[in-house]
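Asker: Contents are mmCIF, C-alpha atoms and all ligand atoms; file name run26.cif:
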```cif
data_protein
#
loop_
_atom_site.label_atom_id
_atom_site.label_comp_id
_atom_site.auth_asym_id
_atom_site.auth_seq_id
_atom_site.Cartn_x
_atom_site.Cartn_y
_atom_site.Cartn_z
CA MET A 1154 13.81 -33.78 -74.83
CA SER A 1155 15.92 -36.18 -76.91
CA ASP A 1156 14.63 -39.43 -78.36
CA HIS A 1157 16.82 -41.33 -75.96
CA THR A 1158 15.45 -39.51 -72.91
CA MET A 1159 11.88 -40.08 -74.04
CA GLU A 1160 12.57 -43.73 -74.66
CA HIS A 1161 14.29 -44.01 -71.28
CA ASP A 1162 11.32 -42.43 -69.46
CA ARG A 1163 8.92 -44.72 -71.25
CA LEU A 1164 10.88 -47.94 -70.66
CA ARG A 1165 12.21 -47.29 -67.18
CA GLU A 1166 9.21 -48.94 -65.54
CA SER A 1167 9.89 -52.12 -67.49
CA THR A 1168 13.16 -52.72 -65.65
CA ALA A 1169 11.67 -54.78 -62.82
CA LEU A 1170 9.50 -56.75 -65.24
CA TYR A 1171 12.54 -57.39 -67.40
CA VAL A 1172 14.55 -58.70 -64.44
CA LEU A 1173 11.62 -60.97 -63.50
CA GLU A 1174 11.44 -62.12 -67.13
CA ALA A 1175 7.84 -60.94 -67.29
CA LEU A 1176 8.08 -58.98 -70.56
CA ASP A 1177 6.76 -60.53 -73.77
CA GLU A 1178 9.12 -61.10 -76.66
CA LEU A 1179 8.55 -57.75 -78.40
CA GLU A 1180 8.73 -55.77 -75.16
CA ARG A 1181 11.86 -57.61 -74.18
CA ALA A 1182 13.52 -56.99 -77.54
CA GLU A 1183 12.67 -53.30 -77.32
CA PHE A 1184 13.91 -53.05 -73.76
CA GLU A 1185 17.14 -54.87 -74.56
CA ARG A 1186 17.77 -52.50 -77.49
CA HIS A 1187 17.39 -49.60 -75.07
CA LEU A 1188 19.47 -51.35 -72.42
CA ALA A 1189 22.40 -51.61 -74.83
CA THR A 1190 22.52 -47.81 -75.08
CA CYS A 1191 21.48 -46.73 -71.58
CA ALA A 1192 23.92 -46.96 -68.70
CA ASP A 1193 21.25 -45.93 -66.15
CA CYS A 1194 18.91 -48.75 -67.04
CA ALA A 1195 21.80 -51.23 -67.23
CA GLU A 1196 22.82 -50.24 -63.71
CA GLU A 1197 19.21 -50.55 -62.51
CA VAL A 1198 18.98 -54.05 -64.00
CA ARG A 1199 22.24 -55.04 -62.32
CA SER A 1200 21.11 -53.89 -58.89
CA LEU A 1201 17.65 -55.46 -59.22
CA ARG A 1202 19.28 -58.74 -60.29
CA THR A 1203 21.40 -58.70 -57.15
CA VAL A 1204 18.25 -58.38 -55.08
CA ALA A 1205 16.30 -60.95 -57.06
CA GLY A 1206 19.31 -63.28 -57.04
CA ALA A 1207 19.32 -63.39 -53.23
CA LEU A 1208 15.75 -64.69 -53.20
CA PRO A 1209 16.04 -68.35 -54.25
CA LEU A 1210 19.24 -68.81 -52.23
CA SER A 1211 17.76 -67.81 -48.93
CA VAL A 1212 14.15 -68.93 -48.73
CA PRO A 1213 13.84 -72.63 -49.50
CA GLN A 1214 13.14 -73.88 -45.93
CA VAL A 1215 10.36 -71.41 -45.08
CA ASP A 1216 8.47 -72.11 -48.28
CA PRO A 1217 7.45 -68.53 -48.96
CA PRO A 1218 7.49 -68.91 -52.74
CA PHE A 1219 4.11 -70.65 -52.60
CA ALA A 1220 2.62 -68.09 -50.21
CA LEU A 1221 4.14 -65.33 -52.26
CA ARG A 1222 2.70 -66.81 -55.41
CA SER A 1223 -0.79 -66.90 -53.88
CA ARG A 1224 -0.45 -63.28 -52.85
CA ILE A 1225 0.75 -62.30 -56.29
CA LEU A 1226 -2.12 -64.17 -57.92
CA ALA A 1227 -4.59 -62.61 -55.48
CA ALA A 1228 -3.15 -59.19 -56.18
CA ALA A 1229 -3.35 -59.86 -59.89
CA GLY A 1230 -6.99 -60.97 -59.58
CA ALA A 1231 -7.92 -57.89 -57.59
CA GLN A 1232 -6.18 -55.66 -60.09
CA ALA A 1233 -8.01 -57.31 -63.01
CA LYS A 1234 -11.39 -56.85 -61.29
CA LYS A 1235 -10.59 -53.21 -60.53
CA SER A 1236 -10.21 -52.30 -64.21
CA PRO A 1237 -13.31 -53.69 -65.89
CA THR A 1238 -13.89 -50.51 -68.00
CA VAL A 1239 -10.43 -50.73 -69.47
CA VAL A 1240 -10.84 -54.42 -70.21
CA ALA A 1241 -14.30 -53.79 -71.71
CA MET A 1242 -13.06 -51.10 -74.07
CA PRO A 1243 -13.23 -52.80 -77.47
CA SER A 1244 -11.41 -50.04 -79.33
CA ALA A 1245 -8.08 -50.71 -77.62
CA PRO A 1246 -7.88 -54.35 -76.69
CA SER A 1247 -4.15 -54.80 -76.98
CA SER A 1248 -3.28 -51.67 -74.99
CA SER A 1249 -5.88 -52.49 -72.30
CA SER A 1250 -4.64 -56.02 -71.77
CA ARG A 1251 -1.12 -54.67 -71.77
CA LEU A 1252 -2.04 -52.05 -69.17
CA SER A 1253 -3.79 -54.46 -66.85
CA ARG A 1254 -1.07 -57.07 -67.17
CA ALA A 1255 1.58 -54.44 -66.59
CA GLY A 1256 -0.45 -53.34 -63.57
CA TRP A 1257 -0.56 -56.68 -61.82
CA LEU A 1258 2.89 -57.62 -62.92
CA SER A 1259 4.11 -54.38 -61.37
CA ALA A 1260 2.34 -55.34 -58.15
CA ALA A 1261 3.85 -58.80 -58.40
CA ALA A 1262 7.25 -57.35 -59.11
CA LEU A 1263 6.96 -55.04 -56.11
CA LEU A 1264 5.95 -57.93 -53.85
CA VAL A 1265 8.76 -60.14 -55.07
CA LEU A 1266 11.28 -57.35 -54.90
CA SER A 1267 10.23 -56.20 -51.44
CA ALA A 1268 10.30 -59.80 -50.22
CA GLY A 1269 13.65 -60.08 -51.97
CA LEU A 1270 14.90 -56.93 -50.31
CA GLY A 1271 13.78 -58.24 -46.92
CA VAL A 1272 15.55 -61.54 -47.45
CA TYR A 1273 18.52 -59.73 -48.93
CA SER A 1274 18.90 -57.42 -45.95
CA TRP A 1275 18.35 -60.35 -43.58
CA SER A 1276 21.08 -62.29 -45.34
CA LEU A 1277 23.34 -59.23 -45.25
CA GLY A 1278 22.58 -58.97 -41.54
CA GLN A 1279 23.60 -62.62 -41.06
CA GLN A 1280 26.80 -62.03 -43.00
CA ILE A 1281 27.58 -59.02 -40.83
CA VAL A 1282 26.96 -61.05 -37.67
CA GLY A 1283 29.31 -63.74 -39.02
CA LEU A 1284 31.97 -61.22 -39.98
CA ARG A 1285 31.69 -59.49 -36.63
CA GLU A 1286 32.21 -62.82 -34.82
CA ARG A 1287 35.26 -63.60 -36.93
CA LEU A 1288 36.60 -60.10 -36.34
CA THR A 1289 36.18 -60.55 -32.57
CA ASP A 1290 38.12 -63.84 -32.79
CA VAL A 1291 40.91 -62.25 -34.76
CA ILE A 1292 41.12 -59.30 -32.35
CA ALA A 1293 41.23 -61.70 -29.38
CA GLN A 1294 44.06 -63.62 -31.06
CA LEU A 1295 45.95 -60.40 -31.73
CA ASP A 1296 45.47 -59.32 -28.11
CA ARG A 1297 46.83 -62.66 -26.90
CA SER A 1298 49.91 -62.52 -29.10
CA GLN A 1299 50.47 -58.87 -28.17
CA GLU A 1300 50.32 -59.80 -24.48
CA GLU A 1301 52.79 -62.63 -25.07
CA THR A 1302 55.09 -60.25 -26.93
CA ALA A 1303 54.78 -57.65 -24.16
CA VAL A 1304 55.65 -60.28 -21.51
CA ALA A 1305 58.64 -61.42 -23.57
CA VAL A 1306 59.83 -57.83 -24.03
CA ARG A 1307 59.42 -57.11 -20.31
CA THR A 1308 61.33 -60.29 -19.40
CA ALA A 1309 64.09 -59.50 -21.88
CA SER A 1310 64.38 -55.93 -20.70
CA ALA A 1311 64.38 -56.96 -16.99
CA THR A 1312 67.09 -59.51 -17.75
CA GLN A 1313 69.12 -56.89 -19.58
CA THR A 1314 68.78 -54.39 -16.71
CA ARG A 1315 69.82 -57.10 -14.25
CA LEU A 1316 72.90 -57.96 -16.35
CA THR A 1317 73.75 -54.27 -16.64
CA VAL A 1318 73.80 -53.98 -12.83
CA LEU A 1319 75.64 -57.28 -12.30
CA LEU A 1320 78.35 -56.38 -14.82
CA ALA A 1321 78.75 -52.78 -13.61
CA PRO A 1322 82.34 -51.92 -12.65
CA ASP A 1323 81.08 -50.27 -9.45
CA MET A 1324 78.87 -53.21 -8.45
CA ARG A 1325 78.88 -54.18 -4.78
CA GLN A 1326 77.38 -57.40 -3.47
CA VAL A 1327 75.63 -57.58 -0.09
CA ASP A 1328 74.47 -60.88 1.44
CA LEU A 1329 71.38 -60.63 3.64
CA GLU A 1330 70.55 -63.00 6.51
CA GLY A 1331 67.16 -64.04 7.80
CA GLN A 1332 66.13 -62.32 11.02
CA PRO A 1333 64.02 -63.85 13.86
CA ALA A 1334 60.82 -63.01 11.90
CA ALA A 1335 62.10 -65.14 8.97
CA PRO A 1336 64.98 -67.36 10.13
CA ARG A 1337 64.98 -69.54 6.94
CA ALA A 1338 64.99 -66.62 4.53
CA SER A 1339 68.09 -65.35 2.79
CA GLY A 1340 68.81 -62.70 0.21
CA ARG A 1341 71.44 -61.01 -1.90
CA ALA A 1342 71.68 -57.46 -3.18
CA PHE A 1343 73.83 -56.22 -6.07
CA TRP A 1344 74.14 -52.47 -6.03
CA SER A 1345 75.76 -50.18 -8.55
CA ARG A 1346 75.54 -46.46 -7.85
CA SER A 1347 75.53 -45.80 -11.61
CA ARG A 1348 73.12 -48.55 -12.71
CA GLY A 1349 70.77 -49.53 -9.88
CA LEU A 1350 70.05 -52.40 -7.54
CA VAL A 1351 69.22 -56.06 -8.13
CA PHE A 1352 67.71 -57.93 -5.22
CA THR A 1353 67.04 -61.65 -4.93
CA ALA A 1354 65.70 -63.59 -1.97
CA SER A 1355 64.30 -67.00 -1.14
CA ASN A 1356 62.14 -68.58 1.59
CA LEU A 1357 60.41 -65.34 2.48
CA PRO A 1358 57.21 -65.97 4.52
CA PRO A 1359 53.95 -65.27 2.67
CA LEU A 1360 52.67 -61.74 3.21
CA PRO A 1361 49.58 -61.09 5.36
CA ARG A 1362 46.77 -59.29 3.49
CA GLY A 1363 47.43 -55.55 3.07
CA ARG A 1364 51.18 -55.89 3.68
CA THR A 1365 54.23 -55.64 1.45
CA TYR A 1366 57.96 -56.18 1.72
CA GLN A 1367 60.03 -53.01 1.42
CA LEU A 1368 63.77 -52.83 0.72
CA TRP A 1369 65.93 -50.17 2.36
CA MET A 1370 69.41 -48.79 1.76
CA VAL A 1371 70.46 -47.93 5.28
CA SER A 1372 73.07 -45.16 5.55
CA ALA A 1373 74.50 -43.39 8.55
CA ASP A 1374 71.88 -40.65 8.06
CA ALA A 1375 68.63 -42.52 7.39
CA PRO A 1376 67.22 -45.49 5.50
CA VAL A 1377 66.32 -44.74 1.87
CA SER A 1378 63.60 -46.87 0.26
CA ALA A 1379 64.74 -48.84 -2.78
CA GLY A 1380 61.19 -50.06 -3.45
CA VAL A 1381 58.47 -52.54 -2.52
CA LEU A 1382 58.24 -56.16 -3.64
CA SER A 1383 56.08 -59.26 -3.34
CA PRO A 1384 57.56 -62.77 -3.32
CA ASP A 1385 56.12 -65.58 -5.45
CA GLN A 1386 54.25 -68.50 -3.88
CA SER A 1387 57.49 -70.27 -2.92
CA GLY A 1388 58.80 -67.13 -1.17
CA GLY A 1389 61.27 -66.27 -3.92
CA VAL A 1390 61.82 -62.89 -5.50
CA ALA A 1391 64.10 -61.29 -8.09
CA GLU A 1392 63.62 -57.56 -8.62
CA THR A 1393 65.54 -54.72 -10.16
CA PHE A 1394 65.28 -51.19 -8.75
CA SER A 1395 66.62 -47.96 -10.05
CA THR A 1396 68.21 -46.04 -7.20
CA PRO A 1397 69.16 -42.36 -7.00
CA THR A 1398 72.80 -41.90 -8.06
CA ASP A 1399 73.31 -39.46 -5.17
CA VAL A 1400 72.02 -41.87 -2.51
CA PRO A 1401 74.29 -41.84 0.60
CA ALA A 1402 76.60 -44.88 0.66
CA PRO A 1403 74.67 -47.60 2.54
CA VAL A 1404 76.13 -49.33 5.56
CA ALA A 1405 73.43 -52.01 5.33
CA ILE A 1406 70.60 -53.31 3.15
CA ALA A 1407 67.43 -54.35 4.99
CA LEU A 1408 64.05 -55.84 4.17
CA THR A 1409 61.08 -54.97 6.38
CA ILE A 1410 57.35 -55.66 6.27
CA GLU A 1411 55.22 -52.54 5.77
CA PRO A 1412 51.65 -51.51 4.91
CA GLU A 1413 50.76 -52.03 1.24
CA GLY A 1414 52.35 -49.42 -1.03
CA GLY A 1415 55.27 -48.88 1.33
CA LEU A 1416 56.26 -46.01 3.62
CA PRO A 1417 58.89 -43.23 3.52
CA ALA A 1418 60.64 -44.73 6.56
CA PRO A 1419 60.61 -48.28 7.96
CA THR A 1420 58.16 -49.12 10.76
CA GLY A 1421 57.79 -52.90 10.61
CA ASP A 1422 59.82 -55.96 11.61
CA LYS A 1423 63.12 -56.61 9.85
CA TYR A 1424 63.03 -59.88 7.84
CA LEU A 1425 66.46 -59.68 6.17
CA VAL A 1426 69.54 -57.62 6.99
CA GLY A 1427 72.97 -57.49 5.35
CA LEU A 1428 75.94 -55.28 6.11
CA THR A 1429 78.02 -53.75 3.33
CA HIS A 1430 81.74 -54.35 3.78
ZN ZN A 1501 17.22 -46.05 -69.86
#
```
Represent the supplied structure as structure tokens.
Ligand SMILES: [Zn+2]
Answerer:
Amino acid sequence: MSDHTMEHDRLRESTALYVLEALDELERAEFERHLATCADCAEEVRSLRTVAGALPLSVPQVDPPFALRSRILAAAGAQAKKSPTVVAMPSAPSSSSRLSRAGWLSAAALLVLSAGLGVYSWSLGQQIVGLRERLTDVIAQLDRSQEETAVAVRTASATQTRLTVLLAPDMRQVDLEGQPAAPRASGRAFWSRSRGLVFTASNLPPLPRGRTYQLWMVSADAPVSAGVLSPDQSGGVAETFSTPTDVPAPVAIALTIEPEGGLPAPTGDKYLVGLTH
């Protein structure tokens, strides 16, 4: 075993006392000499200081220092009473007083450090709670801005699709008239076999619960569903549908009311009808 290792083993227990400034001058000088050459002890001192440093910051309101001090003093008293033989040994007075003092100081150091650790972990806990709250806020903000971005992207892309249909060279416009079920309603369809169908309407009656409007491309063979739609509160709607490029040429476009989700073939009242020319 090297001199350094022996010294390290002997002085290691002084670390806590050193941090608490409980070593006498000679002990401190010796420990500091060792500290300058020992990375392990230096690291130990650093970590104990972190713990001890959290103590005065976090306890002032609860007044534990006084209670703690009483406990330390009580512990010290008990320790002193427990070692009367050592104290009474006249042949080794300096070592005995050193032993007993080191004993109760170690107890004191343990109490302070464990209280310190408790406070330290409590304060870490508080910091984590605070950080978690801030993180939740930030995530909520991100979610909001992502939603806004998504809405903007959807709007932009719907607008672009609409323009694509409206500007298509094969675009055909069909005006739809309100039927007896919705005499005030009117609509307009823009259909391009290559690019899809844009449908707008206004003054559509509000839908009963469990019902939807469904748009049909009516050919000589059979009506083909373009899709379902719900008007806004004022009865207006603007929707874009992609339609099969091989759909039979429609002779009319019609809007009916159907059960929610729509049906493969129309069953309900016609609300709007327009003939292609
Ligand atoms: Zn050491």
Asker: Excluding A:Ala1169 and its own-chain neighbours fewer than 2 positions away, which residues fall within 10 Å of it when counting all atoms listed in the file? Please give them as an NGL selection string.
Answerer: :A and (1165-1167 or 1171-1176 or 1197-1198 or 1201-1202 or 1205 or 1258-1259 or 1261-1263 or 1265-1266)
Asker: Taking (65.5, -54.3, -8.4) as a centre in this file's frame and 10 Å as the limit, can you find every polymer residue with an atom that close, using all atoms listed in the file, and give them as a list of chain:residue names?
Answerer: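 Within the cut-off we find A:Ala1311, A:Thr1314, A:Arg1315, A:Val1318, A:Ala1342, A:Phe1343, A:Trp1344, A:Gly1349, A:Leu1350, A:Val1351, A:Phe1352, A:Thr1353, A:Leu1368, A:Ala1379, A:Gly1380, A:Val1381, A:Leu1382, A:Val1390, A:Ala1391, A:Glu1392, A:Thr1393, A:Phe1394, A:Ser1395, A:Thr1396.
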Asker: Between atom CA of A:Glu1411 and atom CA of A:Tyr1424, what is the distance in Å, rounded to a tenth?
Answerer: 10.9 Å
Asker: Write out as a short mmCIF file (atom, residue, chain, number, x, y, z; two decimals) with C-alpha atoms, keeping the file's coordinate frame each polymer residue (protein, DNA or RNA) that has an atom no more than 7 Å from ligand ZN 1501 (chain A), with all atoms listed in the file counted.
Answerer:
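Result file is part-v1.cif:
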```cif
data_model
loop_
_atom_site.label_atom_id
_atom_site.label_comp_id
_atom_site.auth_asym_id
_atom_site.auth_seq_id
_atom_site.Cartn_x
_atom_site.Cartn_y
_atom_site.Cartn_z
CA HIS A 1161 14.29 -44.01 -71.28
CA ASP A 1162 11.32 -42.43 -69.46
CA LEU A 1164 10.88 -47.94 -70.66
CA ARG A 1165 12.21 -47.29 -67.18
CA HIS A 1187 17.39 -49.60 -75.07
CA LEU A 1188 19.47 -51.35 -72.42
CA CYS A 1191 21.48 -46.73 -71.58
CA ALA A 1192 23.92 -46.96 -68.70
CA ASP A 1193 21.25 -45.93 -66.15
CA CYS A 1194 18.91 -48.75 -67.04
#
```
Asker: Distance atom CA of A:Gly1331-atom CA of A:Thr1429, one decimal place?
Answerer: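 Taking atom CA of A:Gly1331 as the start and atom CA of A:Thr1429 as the end point, the length is 15.6 Å.
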Asker: Which value, in Å to one decimal, gives the distance between atom CA of A:Thr1312 and atom CA of A:Arg1341?
Answerer: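 The value is 16.5 Å.
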Asker: Between A:Leu1416, A:Val1306, A:Gly1278, A:Ala1402, single out the one closest to A:Ser1378, counting all atoms listed in the file.
Answerer: A:Leu1416
Asker: Of the residues A:Ser1387, A:Asp1374, A:Thr1302, A:Arg1364, which is the one nearest to A:Gly1415, using all atoms listed in the file?
Answerer: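 Distance minimum relative to A:Gly1415 lands on A:Arg1364.
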Asker: Near A:Val1377, within 9 Å and counting all atoms listed in the file, which residues show up once chain neighbours fewer than 5 positions away are dropped, as a list in words?
Answerer: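 After dropping sequence-adjacent residues, the list is Leu1368, Trp1369, Met1370, Val1371, Ser1372, Val1400, Pro1401, Pro1403, Pro1417 and Ala1418 of chain A.
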Asker: Between A:Ser1347, A:Ser1355, A:Ser1267, A:Thr1317, which has the minimum distance to A:Gly1389 (counting all atoms listed in the file)?
Answerer: A:Ser1355
Asker: Could you check the closest approach to A:Leu1428 for each of A:Pro1359, A:Ala1334, A:Gln1326, A:Gly1414 and tell me which residue wins, using all atoms listed in the file?
Answerer: A:Gln1326
Asker: List every protein, DNA or RNA residue that has at least one atom no more than 12 Å from (65.7, -59.7, 14.9) in the file's coordinates, counting only C-alpha atoms, and write the result as JSON, numbers by chain.
Answerer: {"A": [1330, 1331, 1332, 1333, 1334, 1335, 1336, 1407, 1408, 1409, 1421, 1422, 1423, 1424, 1425, 1426]}
Asker: Determine the axis-aligned bounding box of all atoms of stretch 1379-1397 of chain A present in the file, pad each side by 3 Å, and express its centre and edge lengths in Å to one decimal place as JSON.
Answerer:
```
{"center_x": 61.7, "center_y": -56.3, "center_z": -5.7, "size_x": 20.9, "size_y": 33.9, "size_z": 15.0}
```
